[in-house]
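Visitor: Quick one: the structure is below, and I'll ask about it shortly.
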Amino acid sequence: MLVEPAASLTDLALGLVALVLALRLRAAPGVHPHWTRSFAWASAAALAGAVHHGVVVRSDTWSGPSWAVISGIVVVAISYLLAASVVEVLGEGRSRVFWVLRSGSLIAYAAVAASGRAGIAAILLCEGVTMLAVLALWVMALRRRHPLAWPVAAALVASMGAAAARALPAASEPVPGLDPTSLYHVAQIPGLLLLAWAVAAARPRRGPLRPIPLEDLPA
């Protein structure tokens with residue numbers, strides 16, 4: 001018997017969708033491996049979450065470590081999302097830019113964890129810093145008429161909007177049968193589908209994408 005059936009089953013659905021999309025992106029021409037890795041790690045986080053909500057959460061001993069592992073997987077998934085965005089918008093060989101942008105949320109989360117307030121709310125807040133950095137890159141790309149800018153930006157806004165479901169009171173049931181955590185899982189699926197379509201189906205079939213030179217970035 002699942003301890004938290006709704007949260008477990010919706011995480012399972014999210015994980016399977018992300019896994020299918022990762023496999024499809026891996027086979028799609030012209031898609032950078034960072035995109036595939038981001039979807040693959042997102043799938044791993046959701047599938048691990050399904051086990052956590054379904055079984056592990058009943059254990060006082062293992063619930064905390066389990067969540068810590070899932071949190072780490074989420075961090076890796078979002079790191080690859082940022083890395084993919086840096087490559088697409090700025091071009092290859094911009095690792096310094098990646099680490100400058102990534103360090104913001106990593107430092108923020110380390111500070112929150114050190115204060116003893118680590119949890120899903122803290123991850124959403126700190127990783128939101130990285131998501132804003134990713135979105136800022138694609139807004140920059142919009143100004144340069146990058147061919148993927150509009151579809152990727154729309155997908156990112158949809159994904160970030162899903163976090164609003166998790167901010168609802170824990171005892172509420174905004175959709176019959178779905179608590180805020182379960183609704184958050186379901187709400188992430190449209191964003192994943194849009195993002196996968198953006199980086200694969202919406203990608204121009206001829207010619208490489210033109211990156212934004214660093215000297216063209218705002219000071």
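By order in the structure tokens, chains are A, B, ...; within a chain, residues start at 1; ligands start at 1, following the order shown.
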Any idea what's packed within 10 Å of Val20 (chain A), counting only C-alpha atoms, ignoring anything in its chain fewer than 4 positions away? Could you give it as a list of chain:residue names?

Guide: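 Near neighbours after the sequence-gap exclusion: A:Gly15, A:Leu16, A:Arg24, A:Leu25, A:Arg26, A:Phe39, A:Ala40, A:Ser43.
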
Visitor: Hey, what's within 10 Å of Pro5 (chain A) if we count only C-alpha atoms and toss same-chain stuff fewer than 3 positions away? As a list in words, please?

Guide: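 Contacts, with the query itself left out: Met1, Leu2, Ser8, Leu9, Thr10, Asp11, Ala50, His53, Gly54, Val55, Leu178 and Ser182 of chain A.
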
Visitor: Take the selection from the previous step and output its residues with N, CA and C atoms, as a PDB file, in the first residue's frame.

Guide:
ATOM      1  N   MET A   1       0.843  -1.195   0.000  1.00  0.00           N
ATOM      2  CA  MET A   1       0.000   0.000   0.000  1.00  0.00           C
ATOM      3  C   MET A   1       0.879   1.246   0.000  1.00  0.00           C
ATOM      4  N   LEU A   2       0.635   2.141  -0.929  1.00  0.00           N
ATOM      5  CA  LEU A   2       1.411   3.355  -1.019  1.00  0.00           C
ATOM      6  C   LEU A   2       1.057   4.298   0.126  1.00  0.00           C
ATOM      7  N   SER A   8       2.918   9.816  -5.158  1.00  0.00           N
ATOM      8  CA  SER A   8       3.764   8.774  -5.740  1.00  0.00           C
ATOM      9  C   SER A   8       3.409   8.515  -7.203  1.00  0.00           C
ATOM     10  N   LEU A   9       2.130   8.371  -7.500  1.00  0.00           N
ATOM     11  CA  LEU A   9       1.710   8.042  -8.861  1.00  0.00           C
ATOM     12  C   LEU A   9       1.928   9.206  -9.824  1.00  0.00           C
ATOM     13  N   THR A  10       1.712  10.434  -9.353  1.00  0.00           N
ATOM     14  CA  THR A  10       1.944  11.582 -10.238  1.00  0.00           C
ATOM     15  C   THR A  10       3.442  11.772 -10.485  1.00  0.00           C
ATOM     16  N   ASP A  11       4.275  11.490  -9.481  1.00  0.00           N
ATOM     17  CA  ASP A  11       5.722  11.550  -9.693  1.00  0.00           C
ATOM     18  C   ASP A  11       6.158  10.466 -10.675  1.00  0.00           C
ATOM     19  N   ALA A  50       8.817   9.105  -6.713  1.00  0.00           N
ATOM     20  CA  ALA A  50       7.699   8.158  -6.645  1.00  0.00           C
ATOM     21  C   ALA A  50       7.945   7.113  -5.566  1.00  0.00           C
ATOM     22  N   HIS A  53       7.718   8.975  -2.020  1.00  0.00           N
ATOM     23  CA  HIS A  53       6.351   9.233  -1.564  1.00  0.00           C
ATOM     24  C   HIS A  53       5.574   7.943  -1.315  1.00  0.00           C
ATOM     25  N   GLY A  54       5.891   6.927  -2.089  1.00  0.00           N
ATOM     26  CA  GLY A  54       5.130   5.693  -1.965  1.00  0.00           C
ATOM     27  C   GLY A  54       5.570   4.801  -0.835  1.00  0.00           C
ATOM     28  N   VAL A  55       6.873   4.790  -0.519  1.00  0.00           N
ATOM     29  CA  VAL A  55       7.402   3.815   0.441  1.00  0.00           C
ATOM     30  C   VAL A  55       8.272   4.467   1.517  1.00  0.00           C
ATOM     31  N   LEU A 178      -6.042  15.588  -5.856  1.00  0.00           N
ATOM     32  CA  LEU A 178      -4.651  16.021  -5.973  1.00  0.00           C
ATOM     33  C   LEU A 178      -4.331  17.073  -4.919  1.00  0.00           C
ATOM     34  N   SER A 182       1.084  16.757  -5.488  1.00  0.00           N
ATOM     35  CA  SER A 182       0.674  15.969  -6.660  1.00  0.00           C
ATOM     36  C   SER A 182       0.343  16.873  -7.842  1.00  0.00           C
TER      37      SER A 182
END

Visitor: With only C-alpha atoms as the counted atoms, please give the residues lying no more than 8 Å from Val76 (chain A), apart from itself and same-chain residues fewer than 4 positions off, as a list in words.

Guide: Ser38, Trp41, Gly72 and Tyr80 of chain A

Visitor: With only C-alpha atoms as the atoms that count, which of A:Phe98, A:Pro180, A:Glu88, A:Ile189 lies nearest to Val152 (chain A)?

Guide: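 That would be A:Glu88, the residue with the smallest distance to Val152 (chain A).
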
Visitor: How many Å separate CA of Gly191 (chain A) from CA of Leu135 (chain A)?

Guide: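 That distance, rounded to one decimal, is 13.4 Å.
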
Visitor: May I ask which of the residues A:His52, A:Ser103, A:Ala42, A:His185 is the closest one to Val74 (chain A), counting only C-alpha atoms?

Guide: A:Ala42

Visitor: Quick one: residues within 12 Å of Ala162 (chain A), only C-alpha atoms, excluding same-chain residues fewer than 3 positions away - as number ranges by chain?

Guide: A: 124, 128, 155-159, 165-168, 180-192

Visitor: Would you put the residues from that selection into a file with N, CA, C and O atoms, as a short mmCIF file (atom, residue, chain, number, x, y, z; two decimals), in the first residue's frame?

Guide:
data_model
loop_
_atom_site.label_atom_id
_atom_site.label_comp_id
_atom_site.auth_asym_id
_atom_site.auth_seq_id
_atom_site.Cartn_x
_atom_site.Cartn_y
_atom_site.Cartn_z
N LEU A 124 12.88 25.05 -4.24
CA LEU A 124 12.13 25.83 -5.21
C LEU A 124 12.61 27.27 -5.24
O LEU A 124 12.74 27.88 -6.31
N GLY A 128 14.99 28.46 -8.17
CA GLY A 128 14.31 29.51 -8.92
C GLY A 128 15.29 30.58 -9.38
O GLY A 128 15.10 31.21 -10.43
N ALA A 155 8.16 27.60 -22.83
CA ALA A 155 8.26 26.36 -22.07
C ALA A 155 8.78 26.62 -20.66
O ALA A 155 8.30 26.04 -19.68
N LEU A 156 9.75 27.51 -20.54
CA LEU A 156 10.33 27.82 -19.23
C LEU A 156 9.32 28.54 -18.34
O LEU A 156 9.23 28.26 -17.14
N VAL A 157 8.56 29.45 -18.92
CA VAL A 157 7.53 30.14 -18.15
C VAL A 157 6.48 29.14 -17.65
O VAL A 157 6.03 29.21 -16.50
N ALA A 158 6.10 28.19 -18.50
CA ALA A 158 5.14 27.16 -18.09
C ALA A 158 5.70 26.32 -16.96
O ALA A 158 4.98 26.00 -15.99
N SER A 159 6.98 25.95 -17.03
CA SER A 159 7.59 25.14 -15.98
C SER A 159 7.69 25.91 -14.67
O SER A 159 7.43 25.36 -13.59
N ALA A 165 1.71 25.84 -7.87
CA ALA A 165 0.88 24.80 -7.28
C ALA A 165 1.46 24.32 -5.96
O ALA A 165 0.72 24.04 -5.00
N ARG A 166 2.78 24.23 -5.88
CA ARG A 166 3.43 23.74 -4.67
C ARG A 166 3.34 24.75 -3.53
O ARG A 166 3.47 24.39 -2.36
N ALA A 167 3.11 26.03 -3.87
CA ALA A 167 3.03 27.07 -2.84
C ALA A 167 1.67 27.10 -2.14
O ALA A 167 1.50 27.82 -1.16
N LEU A 168 0.72 26.31 -2.63
CA LEU A 168 -0.61 26.27 -2.00
C LEU A 168 -0.53 25.61 -0.63
O LEU A 168 0.38 24.83 -0.36
N PRO A 180 -1.40 19.71 -3.19
CA PRO A 180 -0.47 20.62 -3.90
C PRO A 180 0.76 19.93 -4.47
O PRO A 180 1.21 20.28 -5.57
N THR A 181 1.34 18.97 -3.74
CA THR A 181 2.53 18.27 -4.24
C THR A 181 2.20 17.48 -5.51
O THR A 181 2.94 17.53 -6.50
N SER A 182 1.08 16.76 -5.49
CA SER A 182 0.67 15.97 -6.66
C SER A 182 0.34 16.87 -7.84
O SER A 182 0.70 16.58 -8.99
N LEU A 183 -0.34 17.99 -7.56
CA LEU A 183 -0.67 18.93 -8.62
C LEU A 183 0.59 19.54 -9.22
O LEU A 183 0.69 19.74 -10.44
N TYR A 184 1.59 19.78 -8.37
CA TYR A 184 2.88 20.30 -8.84
C TYR A 184 3.53 19.32 -9.81
O TYR A 184 4.06 19.73 -10.85
N HIS A 185 3.47 18.03 -9.49
CA HIS A 185 4.03 17.02 -10.38
C HIS A 185 3.34 17.06 -11.75
O HIS A 185 3.99 17.07 -12.80
N VAL A 186 2.01 17.08 -11.72
CA VAL A 186 1.24 17.08 -12.97
C VAL A 186 1.48 18.35 -13.76
O VAL A 186 1.61 18.33 -14.99
N ALA A 187 1.57 19.49 -13.04
CA ALA A 187 1.72 20.79 -13.71
C ALA A 187 3.06 20.92 -14.41
O ALA A 187 3.22 21.78 -15.30
N GLN A 188 4.05 20.11 -14.02
CA GLN A 188 5.35 20.18 -14.68
C GLN A 188 5.36 19.51 -16.05
O GLN A 188 6.23 19.81 -16.89
N ILE A 189 4.42 18.62 -16.30
CA ILE A 189 4.43 17.85 -17.55
C ILE A 189 4.25 18.73 -18.79
O ILE A 189 5.01 18.58 -19.76
N PRO A 190 3.29 19.67 -18.82
CA PRO A 190 3.17 20.52 -20.02
C PRO A 190 4.45 21.29 -20.33
O PRO A 190 4.83 21.43 -21.49
N GLY A 191 5.13 21.79 -19.29
CA GLY A 191 6.37 22.51 -19.51
C GLY A 191 7.45 21.63 -20.12
O GLY A 191 8.19 22.06 -21.02
N LEU A 192 7.54 20.38 -19.66
CA LEU A 192 8.51 19.44 -20.22
C LEU A 192 8.20 19.15 -21.69
O LEU A 192 9.11 19.11 -22.53
#

Visitor: What's the separation between CA of Leu19 (chain A) and CA of Val57 (chain A), in Å to one decimal place?

Guide: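 Here the two named atoms are 23.5 Å from each other.
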
Visitor: Show me, as a PDB file with N, CA, C and O atoms, in the first residue's frame, the residues that have an atom within 10 Å of region 65-68 of chain A when counting only C-alpha atoms, minus same-chain residues fewer than 5 positions from it.

Guide:
ATOM      1  N   ALA A  45      14.945  12.072 -10.918  1.00  0.00           N
ATOM      2  CA  ALA A  45      14.432  12.731  -9.710  1.00  0.00           C
ATOM      3  C   ALA A  45      12.971  12.368  -9.464  1.00  0.00           C
ATOM      4  O   ALA A  45      12.565  12.074  -8.328  1.00  0.00           O
ATOM      5  N   ALA A  48      12.629   8.646  -8.495  1.00  0.00           N
ATOM      6  CA  ALA A  48      13.053   8.489  -7.106  1.00  0.00           C
ATOM      7  C   ALA A  48      12.005   9.081  -6.169  1.00  0.00           C
ATOM      8  O   ALA A  48      11.744   8.545  -5.084  1.00  0.00           O
ATOM      9  N   GLY A  49      11.379  10.183  -6.602  1.00  0.00           N
ATOM     10  CA  GLY A  49      10.318  10.785  -5.804  1.00  0.00           C
ATOM     11  C   GLY A  49       9.112   9.871  -5.663  1.00  0.00           C
ATOM     12  O   GLY A  49       8.460   9.839  -4.617  1.00  0.00           O
ATOM     13  N   VAL A  51       9.177   6.620  -5.498  1.00  0.00           N
ATOM     14  CA  VAL A  51       9.529   5.648  -4.456  1.00  0.00           C
ATOM     15  C   VAL A  51       9.499   6.303  -3.079  1.00  0.00           C
ATOM     16  O   VAL A  51       9.012   5.728  -2.104  1.00  0.00           O
ATOM     17  N   HIS A  52       9.998   7.527  -3.022  1.00  0.00           N
ATOM     18  CA  HIS A  52      10.027   8.255  -1.750  1.00  0.00           C
ATOM     19  C   HIS A  52       8.617   8.438  -1.195  1.00  0.00           C
ATOM     20  O   HIS A  52       8.342   8.111  -0.034  1.00  0.00           O
ATOM     21  N   HIS A  53       7.718   8.975  -2.020  1.00  0.00           N
ATOM     22  CA  HIS A  53       6.351   9.233  -1.564  1.00  0.00           C
ATOM     23  C   HIS A  53       5.574   7.943  -1.315  1.00  0.00           C
ATOM     24  O   HIS A  53       4.704   7.896  -0.435  1.00  0.00           O
ATOM     25  N   VAL A  56       9.293   5.209   1.074  1.00  0.00           N
ATOM     26  CA  VAL A  56      10.340   5.657   1.991  1.00  0.00           C
ATOM     27  C   VAL A  56       9.830   6.663   3.010  1.00  0.00           C
ATOM     28  O   VAL A  56      10.341   6.729   4.138  1.00  0.00           O
ATOM     29  N   VAL A  57       8.807   7.450   2.644  1.00  0.00           N
ATOM     30  CA  VAL A  57       8.350   8.517   3.518  1.00  0.00           C
ATOM     31  C   VAL A  57       7.840   7.996   4.871  1.00  0.00           C
ATOM     32  O   VAL A  57       7.794   8.732   5.857  1.00  0.00           O
ATOM     33  N   SER A  59       9.388   5.975   6.737  1.00  0.00           N
ATOM     34  CA  SER A  59      10.529   5.700   7.597  1.00  0.00           C
ATOM     35  C   SER A  59      11.145   6.988   8.134  1.00  0.00           C
ATOM     36  O   SER A  59      11.598   7.838   7.368  1.00  0.00           O
ATOM     37  N   ASP A  60      11.153   7.140   9.458  1.00  0.00           N
ATOM     38  CA  ASP A  60      11.789   8.310  10.068  1.00  0.00           C
ATOM     39  C   ASP A  60      13.298   8.300   9.834  1.00  0.00           C
ATOM     40  O   ASP A  60      13.937   9.348   9.791  1.00  0.00           O
ATOM     41  N   ILE A  73      19.660  15.303  -7.063  1.00  0.00           N
ATOM     42  CA  ILE A  73      19.361  14.960  -8.462  1.00  0.00           C
ATOM     43  C   ILE A  73      18.684  16.140  -9.164  1.00  0.00           C
ATOM     44  O   ILE A  73      18.977  16.439 -10.329  1.00  0.00           O
ATOM     45  N   VAL A  74      17.784  16.820  -8.449  1.00  0.00           N
ATOM     46  CA  VAL A  74      17.127  18.001  -9.019  1.00  0.00           C
ATOM     47  C   VAL A  74      18.154  19.073  -9.361  1.00  0.00           C
ATOM     48  O   VAL A  74      18.086  19.710 -10.420  1.00  0.00           O
ATOM     49  N   ALA A 118      16.475  23.431   5.044  1.00  0.00           N
ATOM     50  CA  ALA A 118      16.466  22.790   3.734  1.00  0.00           C
ATOM     51  C   ALA A 118      15.181  21.997   3.544  1.00  0.00           C
ATOM     52  O   ALA A 118      14.685  21.371   4.470  1.00  0.00           O
ATOM     53  N   GLY A 119      14.638  22.025   2.368  1.00  0.00           N
ATOM     54  CA  GLY A 119      13.402  21.307   2.074  1.00  0.00           C
ATOM     55  C   GLY A 119      12.929  21.695   0.695  1.00  0.00           C
ATOM     56  O   GLY A 119      13.605  22.415  -0.041  1.00  0.00           O
ATOM     57  N   ILE A 120      11.727  21.225   0.319  1.00  0.00           N
ATOM     58  CA  ILE A 120      11.242  21.482  -1.041  1.00  0.00           C
ATOM     59  C   ILE A 120      11.040  22.964  -1.290  1.00  0.00           C
ATOM     60  O   ILE A 120      11.327  23.481  -2.367  1.00  0.00           O
TER      61      ILE A 120
END

Visitor: Go through A:Trp35, A:Trp197, A:Trp138, A:Trp62 and flag the residue nearest Ala153 (chain A), using only C-alpha atoms for the distances.

Guide: A:Trp138
